[in-house]
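Beneath this line is the structure, given in structure tokens, with notes to follow.
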Amino acid sequence: MPSDKMLVRIRSRDGLERVTVDPNATVGKLQHAIEENLQVPISNQLLSTNQGLLLSKSADLASEFTDMKVPSASLTSLGIAHGSVVFLSYNGERVIAGPPVTPAGAFGKKMTMDDLIARQTRIERQEKPHCCSLSFDRDAANAFQHYVHESLAFSVKRGGFMYGTVGEEGEVKVEFIYEPPQHGSEESLLLLRDPEEEKNVEAIATGLGMRRVGFIFTQTVSQNKRDYTLSSVEIKQAAELHAESGFEGWATAIVKLEVNEEGGADVHFEAFQLSDQCVKLYKEGWFVDNVPNLDPKLSRMNKDVVILGKDTRDVDNDFFLVLVKILDHQGLLTTTFPIENRQSPRSLQQLKAHLDRSKNVSYVKRISDFHLLLLLSNHFDLNTDVPQLAEVVRLQSPVPDGYQLIIESLASNF
């Protein structure tokens, strides 16, 4: 690249493209370069350094993303340098030149049936999620984010399965988060799943009238410096769990730190669904693992696919994401009992301390905590007692004397 030119990467719904401008160029000069090279008229361009531009569902993007609104502003004053990414939103369609065509048949390479099928596979955005909204119980969400913020400092990844209810219109309410055994690093999250413990979780969920509805995980501080919404590793893990669930409304939520206007950091929740096409491609084995030097915002396919007229094997992960609206609510359950599979092991001594602290409320309120029920499930019959005790919590009915006696007996050992 000549030293008198500056390369700017333009990321739009079409993927990642490049233009070159003078090092002292303004926003207006960049707009002219985009019009000339990418065939998007200046009047139809909305530019921002904020990747939220491509994910926002706002009807008035122009008033929400104003950082590149002034054409005379220099790119350097906006922190844009050689290799920087600028996000482009535009309405309508444009024609994108495809790659050179290699003749097939008698005078060229013979195409196999797999080649023909792959060429018919077009990666397209899914406009609407099956999960129309994802509402978090405030206590459950706070307990999760507080731990990763205060104890882990967002230095390693952490995840959990979300459980709750599904409404008739596809609205999902998350009532508790189960954190399985796991090992997190800066870039990846290894789930060390315990099938026996998960049976207990499912028995409790059944009694509560709930089901597994999605997966939540954190992105680390080091990831926040990267140019992606979800990395290829995160996309594949999310697709694996979505495919395993067999649930159309399955949601994927992320928790991360974002810099606020005062220069501090705020905890931020986002929710997505993977597109139906993404999950289908994962089930069919299209995703390639462990590709050296591949930009983490791309996923490598094992065959060519078509994106807006271009043949490629590298798909921008944003094509696979469908934004889901986030809400919050105050649910039935509390989240005050120590949570499973964290740094400190749980014990019946903690059960005693919890019961002692909550003597001023009814007994059913005292045990209306999923994480407490999970500890108790190790001491009750999984097929009968655990669902029945959870149903008592769901109905907020008096706890049968027999169950109270067992719980008090377990607690009194300390």
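Labels for the structure tokens follow display order: chains A, B, ..., residues from 1 in each chain, ligands from 1.
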DSSP-assigned strand (DSSP E or B) members of region 261-336 of chain A, reported as an MDAnalysis selection string = chainID A and resid 265:274 287 298:307 310:316 321:329 334
Which polymer residues have any atom within 8 Å of an atom of His130 (chain A), counting only C-alpha atoms, with same-chain residues fewer than 4 positions away left out, as a JSON list (two decimals) with all heavy atoms, in the first residue's frame?
```json
[["chain", "number", "residue", "atom", "x", "y", "z"],
["A", 170, "GLY", "N", -44.34, -15.67, 21.23],
["A", 170, "GLY", "CA", -42.91, -15.88, 21.13],
["A", 170, "GLY", "C", -42.09, -15.08, 22.12],
["A", 170, "GLY", "O", -40.86, -15.07, 22.05],
["A", 248, "GLU", "N", -37.20, -23.62, 18.57],
["A", 248, "GLU", "CA", -37.17, -22.55, 17.57],
["A", 248, "GLU", "C", -36.93, -21.18, 18.20],
["A", 248, "GLU", "O", -36.30, -20.30, 17.60],
["A", 248, "GLU", "CB", -38.49, -22.54, 16.80],
["A", 248, "GLU", "CG", -38.51, -21.62, 15.60],
["A", 248, "GLU", "CD", -39.82, -21.71, 14.83],
["A", 248, "GLU", "OE1", -40.88, -21.43, 15.43],
["A", 248, "GLU", "OE2", -39.76, -22.07, 13.64],
["A", 249, "GLY", "N", -37.42, -20.97, 19.41],
["A", 249, "GLY", "CA", -37.29, -19.67, 20.06],
["A", 249, "GLY", "C", -36.02, -19.49, 20.87],
["A", 249, "GLY", "O", -35.90, -18.51, 21.61],
["A", 273, "GLN", "N", -30.92, -14.07, 18.17],
["A", 273, "GLN", "CA", -31.15, -15.45, 17.76],
["A", 273, "GLN", "C", -30.24, -15.72, 16.58],
["A", 273, "GLN", "O", -29.99, -14.82, 15.75],
["A", 273, "GLN", "CB", -32.61, -15.65, 17.32],
["A", 273, "GLN", "CG", -33.54, -15.97, 18.47],
["A", 273, "GLN", "CD", -34.78, -16.70, 18.00],
["A", 273, "GLN", "OE1", -35.66, -16.12, 17.39],
["A", 273, "GLN", "NE2", -34.84, -17.99, 18.29]]
```
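Distances to Leu298 (chain A) were evaluated for A:Val315, A:Val201, A:Ile407, A:Val364 using only C-alpha atoms, and the minimum falls at A:Val315.
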If we count only C-alpha atoms, what is near Leu208 (chain A) at a cut-off of 6 Å, once residues fewer than 6 positions away on the same chain are taken out, given as a list of chain:residue names?
->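 Listed by chain and then number, they are A:Ala390, A:Glu391, A:Arg394.
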Which is closest to Phe247 (chain A) among A:Arg212, A:Lys173, A:Lys280, A:Arg366, if we use only C-alpha atoms?
-> A:Arg212
